[in-house]
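**Q** Structure: upload.pdb, PDB, C-alpha atoms.
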ATOM      1  CA  MET A   1     -17.493  26.460 -45.316  1.00  0.00           C
ATOM      2  CA  ARG A   2     -14.277  25.980 -43.325  1.00  0.00           C
ATOM      3  CA  HIS A   3     -11.067  25.161 -45.124  1.00  0.00           C
ATOM      4  CA  ASP A   4      -8.366  23.361 -43.164  1.00  0.00           C
ATOM      5  CA  ARG A   5      -5.056  25.060 -43.650  1.00  0.00           C
ATOM      6  CA  LYS A   6      -1.624  24.196 -42.373  1.00  0.00           C
ATOM      7  CA  LEU A   7       0.512  27.123 -41.310  1.00  0.00           C
ATOM      8  CA  LEU A   8       3.967  27.884 -42.523  1.00  0.00           C
ATOM      9  CA  PHE A   9       5.756  30.231 -40.141  1.00  0.00           C
ATOM     10  CA  GLN A  10       8.508  32.346 -41.597  1.00  0.00           C
ATOM     11  CA  VAL A  11      10.699  34.889 -39.936  1.00  0.00           C
ATOM     12  CA  VAL A  12      10.440  38.084 -41.915  1.00  0.00           C
ATOM     13  CA  SER A  13      13.519  39.532 -40.330  1.00  0.00           C
ATOM     14  CA  VAL A  14      17.211  38.753 -40.510  1.00  0.00           C
ATOM     15  CA  LEU A  15      17.402  39.859 -36.870  1.00  0.00           C
ATOM     16  CA  CYS A  16      14.114  38.241 -35.848  1.00  0.00           C
ATOM     17  CA  CYS A  17      12.359  41.524 -35.360  1.00  0.00           C
ATOM     18  CA  SER A  18       9.172  39.631 -35.949  1.00  0.00           C
ATOM     19  CA  LEU A  19       7.806  36.257 -36.815  1.00  0.00           C
ATOM     20  CA  GLY A  20       5.172  36.020 -39.484  1.00  0.00           C
ATOM     21  CA  LEU A  21       2.509  33.538 -40.381  1.00  0.00           C
ATOM     22  CA  CYS A  22       2.239  32.445 -43.956  1.00  0.00           C
ATOM     23  CA  TYR A  23      -0.596  30.172 -44.932  1.00  0.00           C
ATOM     24  CA  THR A  24      -0.102  27.474 -47.473  1.00  0.00           C
ATOM     25  CA  SER A  25      -2.240  24.518 -48.358  1.00  0.00           C
ATOM     26  CA  ALA A  26       0.786  22.575 -49.559  1.00  0.00           C
ATOM     27  CA  ALA A  27       2.715  22.625 -46.273  1.00  0.00           C
ATOM     28  CA  GLN A  28       2.850  19.252 -44.540  1.00  0.00           C
ATOM     29  CA  GLU A  29       4.232  20.684 -41.326  1.00  0.00           C
ATOM     30  CA  THR A  30       5.030  24.000 -39.740  1.00  0.00           C
ATOM     31  CA  THR A  31       8.562  25.198 -40.355  1.00  0.00           C
ATOM     32  CA  VAL A  32      10.348  28.138 -38.826  1.00  0.00           C
ATOM     33  CA  THR A  33      13.270  29.839 -40.501  1.00  0.00           C
ATOM     34  CA  MET A  34      15.400  32.127 -38.350  1.00  0.00           C
ATOM     35  CA  GLY A  35      17.520  34.853 -39.838  1.00  0.00           C
ATOM     36  CA  PRO A  36      21.306  34.480 -39.542  1.00  0.00           C
ATOM     37  CA  GLY A  37      21.595  37.375 -37.069  1.00  0.00           C
ATOM     38  CA  TYR A  38      19.165  35.938 -34.538  1.00  0.00           C
ATOM     39  CA  GLU A  39      20.604  34.225 -31.478  1.00  0.00           C
ATOM     40  CA  LYS A  40      18.112  31.965 -29.753  1.00  0.00           C
ATOM     41  CA  GLY A  41      17.344  32.204 -26.079  1.00  0.00           C
ATOM     42  CA  GLN A  42      18.808  35.618 -25.352  1.00  0.00           C
ATOM     43  CA  GLN A  43      17.604  37.107 -22.077  1.00  0.00           C
ATOM     44  CA  SER A  44      17.007  40.723 -21.180  1.00  0.00           C
ATOM     45  CA  GLN A  45      18.169  42.364 -17.974  1.00  0.00           C
ATOM     46  CA  LYS A  46      14.748  44.026 -17.908  1.00  0.00           C
ATOM     47  CA  THR A  47      11.332  42.426 -18.075  1.00  0.00           C
ATOM     48  CA  LEU A  48       8.621  42.928 -20.644  1.00  0.00           C
ATOM     49  CA  SER A  49       5.190  43.191 -19.068  1.00  0.00           C
ATOM     50  CA  PHE A  50       1.962  42.522 -20.945  1.00  0.00           C
ATOM     51  CA  VAL A  51      -1.553  41.251 -20.402  1.00  0.00           C
ATOM     52  CA  ILE A  52      -2.316  37.994 -22.201  1.00  0.00           C
ATOM     53  CA  PRO A  53      -5.454  38.483 -24.319  1.00  0.00           C
ATOM     54  CA  GLN A  54      -8.575  36.880 -22.888  1.00  0.00           C
ATOM     55  CA  GLY A  55      -8.975  33.377 -24.304  1.00  0.00           C
ATOM     56  CA  TRP A  56      -5.271  33.090 -25.137  1.00  0.00           C
ATOM     57  CA  VAL A  57      -2.508  31.008 -23.525  1.00  0.00           C
ATOM     58  CA  LYS A  58       1.250  30.684 -23.624  1.00  0.00           C
ATOM     59  CA  ASP A  59       2.681  27.943 -25.840  1.00  0.00           C
ATOM     60  CA  GLU A  60       5.745  27.263 -23.687  1.00  0.00           C
ATOM     61  CA  LYS A  61       6.870  24.323 -25.824  1.00  0.00           C
ATOM     62  CA  ALA A  62       7.009  26.463 -28.981  1.00  0.00           C
ATOM     63  CA  ALA A  63       8.759  29.326 -27.190  1.00  0.00           C
ATOM     64  CA  LYS A  64      11.435  26.996 -25.849  1.00  0.00           C
ATOM     65  CA  LYS A  65      11.911  25.219 -29.175  1.00  0.00           C
ATOM     66  CA  LEU A  66      12.335  28.514 -31.037  1.00  0.00           C
ATOM     67  CA  GLY A  67      14.339  30.310 -28.352  1.00  0.00           C
ATOM     68  CA  LEU A  68      11.715  33.053 -27.999  1.00  0.00           C
ATOM     69  CA  GLN A  69      10.644  34.926 -24.891  1.00  0.00           C
ATOM     70  CA  SER A  70       7.038  33.894 -25.413  1.00  0.00           C
ATOM     71  CA  VAL A  71       4.549  32.508 -27.919  1.00  0.00           C
ATOM     72  CA  LEU A  72       0.853  33.248 -27.336  1.00  0.00           C
ATOM     73  CA  VAL A  73      -1.954  31.400 -29.107  1.00  0.00           C
ATOM     74  CA  PRO A  74      -5.724  31.103 -28.722  1.00  0.00           C
ATOM     75  CA  SER A  75      -6.717  28.608 -26.013  1.00  0.00           C
ATOM     76  CA  GLY A  76      -6.815  25.032 -27.311  1.00  0.00           C
ATOM     77  CA  MET A  77      -4.286  25.743 -30.062  1.00  0.00           C
ATOM     78  CA  THR A  78      -0.539  25.439 -30.451  1.00  0.00           C
ATOM     79  CA  LEU A  79       1.876  27.220 -32.729  1.00  0.00           C
ATOM     80  CA  GLU A  80       1.450  24.380 -35.219  1.00  0.00           C
ATOM     81  CA  ASN A  81      -2.314  24.803 -35.653  1.00  0.00           C
ATOM     82  CA  ALA A  82      -3.052  28.415 -34.702  1.00  0.00           C
ATOM     83  CA  ASP A  83      -4.605  30.792 -37.224  1.00  0.00           C
ATOM     84  CA  ARG A  84      -3.220  33.769 -35.301  1.00  0.00           C
ATOM     85  CA  VAL A  85      -0.244  34.099 -33.001  1.00  0.00           C
ATOM     86  CA  ILE A  86       1.673  36.605 -30.903  1.00  0.00           C
ATOM     87  CA  THR A  87       5.419  36.102 -30.699  1.00  0.00           C
ATOM     88  CA  ILE A  88       7.868  37.884 -28.432  1.00  0.00           C
ATOM     89  CA  ALA A  89      11.583  37.780 -29.094  1.00  0.00           C
ATOM     90  CA  PHE A  90      14.559  39.512 -27.510  1.00  0.00           C
ATOM     91  CA  GLN A  91      17.763  40.501 -29.299  1.00  0.00           C
ATOM     92  CA  LYS A  92      20.724  42.004 -27.451  1.00  0.00           C
ATOM     93  CA  LYS A  93      22.292  45.225 -28.688  1.00  0.00           C
ATOM     94  CA  ASP A  94      25.785  44.942 -30.101  1.00  0.00           C
ATOM     95  CA  ALA A  95      27.683  48.088 -31.073  1.00  0.00           C
ATOM     96  CA  ASN A  96      29.985  45.946 -33.253  1.00  0.00           C
ATOM     97  CA  LYS A  97      27.231  44.455 -35.435  1.00  0.00           C
ATOM     98  CA  PRO A  98      25.462  46.611 -38.024  1.00  0.00           C
ATOM     99  CA  GLY A  99      21.762  46.783 -37.257  1.00  0.00           C
ATOM    100  CA  LEU A 100      22.132  45.955 -33.576  1.00  0.00           C
ATOM    101  CA  GLU A 101      23.603  49.214 -32.334  1.00  0.00           C
ATOM    102  CA  ASN A 102      20.381  51.271 -31.966  1.00  0.00           C
ATOM    103  CA  LEU A 103      16.628  51.060 -32.534  1.00  0.00           C
ATOM    104  CA  LYS A 104      16.666  53.056 -35.772  1.00  0.00           C
ATOM    105  CA  ASN A 105      19.249  50.785 -37.401  1.00  0.00           C
ATOM    106  CA  PHE A 106      17.649  47.633 -35.982  1.00  0.00           C
ATOM    107  CA  VAL A 107      14.371  48.532 -37.684  1.00  0.00           C
ATOM    108  CA  ARG A 108      16.063  49.737 -40.897  1.00  0.00           C
ATOM    109  CA  VAL A 109      17.955  46.469 -41.380  1.00  0.00           C
ATOM    110  CA  ASP A 110      14.848  44.467 -40.541  1.00  0.00           C
ATOM    111  CA  LEU A 111      12.731  46.300 -43.114  1.00  0.00           C
ATOM    112  CA  GLN A 112      15.427  45.870 -45.768  1.00  0.00           C
ATOM    113  CA  ASP A 113      15.475  42.123 -45.145  1.00  0.00           C
ATOM    114  CA  THR A 114      11.687  41.947 -45.148  1.00  0.00           C
ATOM    115  CA  LEU A 115      11.501  43.692 -48.518  1.00  0.00           C
ATOM    116  CA  ALA A 116      14.207  41.414 -49.917  1.00  0.00           C
ATOM    117  CA  GLN A 117      12.142  38.389 -48.910  1.00  0.00           C
ATOM    118  CA  PHE A 118       8.721  39.920 -49.699  1.00  0.00           C
ATOM    119  CA  PRO A 119       9.176  42.614 -52.399  1.00  0.00           C
ATOM    120  CA  ASP A 120       5.421  43.252 -52.529  1.00  0.00           C
ATOM    121  CA  ALA A 121       5.099  43.808 -48.767  1.00  0.00           C
ATOM    122  CA  GLN A 122       3.015  46.840 -47.912  1.00  0.00           C
ATOM    123  CA  PHE A 123       3.403  48.930 -44.779  1.00  0.00           C
ATOM    124  CA  ALA A 124       0.877  51.123 -43.010  1.00  0.00           C
ATOM    125  CA  LYS A 125       1.516  53.563 -40.222  1.00  0.00           C
ATOM    126  CA  TRP A 126       0.140  52.207 -36.962  1.00  0.00           C
ATOM    127  CA  GLN A 127       0.783  52.857 -33.302  1.00  0.00           C
ATOM    128  CA  PRO A 128      -0.885  51.395 -30.240  1.00  0.00           C
ATOM    129  CA  SER A 129      -3.291  54.087 -29.054  1.00  0.00           C
ATOM    130  CA  LYS A 130      -2.058  54.212 -25.458  1.00  0.00           C
ATOM    131  CA  LEU A 131       1.688  53.576 -25.769  1.00  0.00           C
ATOM    132  CA  ASP A 132       3.424  56.816 -24.870  1.00  0.00           C
ATOM    133  CA  PRO A 133       6.575  57.541 -26.930  1.00  0.00           C
ATOM    134  CA  ASP A 134       7.686  59.897 -24.146  1.00  0.00           C
ATOM    135  CA  LYS A 135       7.798  56.953 -21.731  1.00  0.00           C
ATOM    136  CA  LEU A 136       8.876  54.101 -24.024  1.00  0.00           C
ATOM    137  CA  ASN A 137      11.356  54.142 -26.891  1.00  0.00           C
ATOM    138  CA  PHE A 138       9.565  52.056 -29.521  1.00  0.00           C
ATOM    139  CA  TRP A 139       8.758  51.688 -33.192  1.00  0.00           C
ATOM    140  CA  SER A 140       5.584  50.148 -34.610  1.00  0.00           C
ATOM    141  CA  ILE A 141       4.046  49.341 -37.984  1.00  0.00           C
ATOM    142  CA  GLU A 142       1.429  47.237 -39.730  1.00  0.00           C
ATOM    143  CA  MET A 143       2.541  45.014 -42.586  1.00  0.00           C
ATOM    144  CA  TYR A 144       0.619  42.983 -45.143  1.00  0.00           C
ATOM    145  CA  GLY A 145       1.066  41.632 -48.641  1.00  0.00           C
ATOM    146  CA  LYS A 146      -0.390  42.722 -51.967  1.00  0.00           C
ATOM    147  CA  LYS A 147      -0.878  39.015 -52.557  1.00  0.00           C
ATOM    148  CA  LYS A 148      -2.554  37.022 -49.815  1.00  0.00           C
ATOM    149  CA  ASN A 149      -0.126  35.968 -47.075  1.00  0.00           C
ATOM    150  CA  LYS A 150       2.942  37.321 -48.849  1.00  0.00           C
ATOM    151  CA  PRO A 151       3.611  38.229 -46.035  1.00  0.00           C
ATOM    152  CA  SER A 152       0.685  37.485 -43.775  1.00  0.00           C
ATOM    153  CA  PRO A 153      -0.932  40.514 -42.107  1.00  0.00           C
ATOM    154  CA  GLN A 154       0.820  41.577 -38.935  1.00  0.00           C
ATOM    155  CA  ARG A 155       1.352  44.383 -36.512  1.00  0.00           C
ATOM    156  CA  PHE A 156       4.546  44.653 -34.636  1.00  0.00           C
ATOM    157  CA  VAL A 157       6.204  46.758 -32.010  1.00  0.00           C
ATOM    158  CA  VAL A 158       9.911  46.896 -31.260  1.00  0.00           C
ATOM    159  CA  LEU A 159      10.701  48.201 -27.761  1.00  0.00           C
ATOM    160  CA  ASP A 160      14.166  49.424 -26.839  1.00  0.00           C
ATOM    161  CA  ALA A 161      14.903  47.861 -23.439  1.00  0.00           C
ATOM    162  CA  GLY A 162      18.270  49.553 -23.000  1.00  0.00           C
ATOM    163  CA  ALA A 163      20.549  46.547 -23.567  1.00  0.00           C
ATOM    164  CA  GLY A 164      18.446  45.111 -26.388  1.00  0.00           C
ATOM    165  CA  TYR A 165      15.137  44.986 -28.217  1.00  0.00           C
ATOM    166  CA  PHE A 166      11.869  43.239 -27.486  1.00  0.00           C
ATOM    167  CA  SER A 167      10.093  42.427 -30.751  1.00  0.00           C
ATOM    168  CA  ILE A 168       6.392  41.783 -30.337  1.00  0.00           C
ATOM    169  CA  SER A 169       4.462  40.573 -33.356  1.00  0.00           C
ATOM    170  CA  LEU A 170       0.802  39.748 -33.898  1.00  0.00           C
ATOM    171  CA  THR A 171       0.115  37.795 -37.060  1.00  0.00           C
ATOM    172  CA  ALA A 172      -3.399  36.956 -38.263  1.00  0.00           C
ATOM    173  CA  GLY A 173      -5.063  35.370 -41.258  1.00  0.00           C
ATOM    174  CA  ALA A 174      -6.792  38.555 -42.437  1.00  0.00           C
ATOM    175  CA  ARG A 175      -5.770  42.200 -42.210  1.00  0.00           C
ATOM    176  CA  ASN A 176      -9.145  43.188 -40.715  1.00  0.00           C
ATOM    177  CA  ASP A 177      -8.489  40.835 -37.785  1.00  0.00           C
ATOM    178  CA  LEU A 178      -5.552  43.016 -36.721  1.00  0.00           C
ATOM    179  CA  GLN A 179      -7.976  45.792 -35.796  1.00  0.00           C
ATOM    180  CA  LEU A 180      -9.895  43.806 -33.179  1.00  0.00           C
ATOM    181  CA  PRO A 181     -10.021  45.613 -29.791  1.00  0.00           C
ATOM    182  CA  VAL A 182      -8.493  42.611 -27.982  1.00  0.00           C
ATOM    183  CA  TYR A 183      -5.229  43.155 -29.881  1.00  0.00           C
ATOM    184  CA  GLU A 184      -5.183  46.895 -29.283  1.00  0.00           C
ATOM    185  CA  ASP A 185      -5.613  46.161 -25.567  1.00  0.00           C
ATOM    186  CA  PHE A 186      -2.698  43.724 -25.712  1.00  0.00           C
ATOM    187  CA  PHE A 187      -0.343  46.207 -27.393  1.00  0.00           C
ATOM    188  CA  ASN A 188      -1.455  48.980 -25.028  1.00  0.00           C
ATOM    189  CA  SER A 189      -0.507  46.779 -22.065  1.00  0.00           C
ATOM    190  CA  LEU A 190       3.174  46.568 -23.080  1.00  0.00           C
ATOM    191  CA  GLY A 191       5.698  47.921 -20.632  1.00  0.00           C
ATOM    192  CA  ILE A 192       9.321  47.496 -19.587  1.00  0.00           C
ATOM    193  CA  GLY A 193      10.310  47.103 -15.961  1.00  0.00           C
ATOM    194  CA  PRO A 194      13.345  46.172 -13.880  1.00  0.00           C
ATOM    195  CA  SER A 195      14.674  42.634 -13.942  1.00  0.00           C
ATOM    196  CA  GLN A 196      12.966  40.118 -11.696  1.00  0.00           C
TER
END
Can you present the structure in this file as structure tokens?
**A**
Amino acid sequence: MRHDRKLLFQVVSVLCCSLGLCYTSAAQETTVTMGPGYEKGQQSQKTLSFVIPQGWVKDEKAAKKLGLQSVLVPSGMTLENADRVITIAFQKKDANKPGLENLKNFVRVDLQDTLAQFPDAQFAKWQPSKLDPDKLNFWSIEMYGKKKNKPSPQRFVVLDAGAGYFSISLTAGARNDLQLPVYEDFFNSLGIGPSQ
């Protein structure tokens, strides 16, 4: 039996390290809350390369509305009705702002904010099987809630692009869904190249 569920999207990061899906049957519409440190529409001097998962498409309207680099959803869906989503954000480094000066501090501040918002959040060590830490400076983790969707299950990677950070997040309805080969292939396709 299928249950219709509206999605409530919440940023689980003060710096928008990642976007997370939270399911709620009471939500009348999708809402997105950005952390105070996130500046919409920032652009990187370098490009993030990736292969869109088969059967997925870009939701350009959602990306523009939210000021994100990209929003990917299963074909035929939009951010408002998707049961899984990949979001890509970019945040510029800033040596004068705590948490924006280097990758370690960016992640540390993000995790602190996540735990403040979701005290029962659980973290599991995870790394894309083919991303080489000798070639890319990145950090990755899997996150899920003790209670369902508090926060919703997600895997995310933060790539240091030199002048800023690409935050790539996959959020799904069930933790087991995160382990599907299509998502591993997506994360393994990540790369950073020169500007276009």
**Q** Taking only C-alpha atoms into account, which of A:Asp83, A:Gly193, A:Asp185, A:Met143 comes nearest Ile52 in chain A?
**A**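 Closest candidate: A:Asp185.
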**Q** Name the residues that the PyMOL selection byres ((chain A and resi 49) around 7) pulls out of this structure, and write them as an NGL selection string.
**A** :A and (47-48 or 50 or 190-192)
**Q** Please evaluate the PyMOL selection byres ((chain A and resi 126) around 7) against the displayed coordinates and give the resulting residues as a VMD selection string.
**A** chain A and resid 124 to 125 127 to 128 140 to 142
**Q** Show me, as a tab-separated table, the residues of range 109-181 of chain A having an atom within 10 Å of range 62-71 of chain A, each with the closest atom pair and its distance in Å, using only C-alpha atoms.
**A**
residue	atom	partner	partner_atom	distance
A:Phe166	CA	A:Gln69	CA	8.8
A:Ser167	CA	A:Gln69	CA	9.5
A:Ile168	CA	A:Ser70	CA	9.3
A:Ser169	CA	A:Val71	CA	9.7
**Q** Quote the spacing between CA of Pro119 in chain A and CA of Lys146 in chain A in Å to one decimal place.
**A** 9.6 Å
**Q** Report as number ranges by chain all protein, DNA and RNA residues lying within 6 Å of Tyr144 in chain A, evaluated on only C-alpha atoms, omitting residues in the same chain fewer than 4 positions from it.
**A** A: 121-122, 151-153
**Q** To one decimal place, how far is CA of Thr171 in chain A from CA of Phe186 in chain A in Å?
**A**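 So the two atoms, CA of Thr171 in chain A and CA of Phe186 in chain A, lie 13.1 Å apart.
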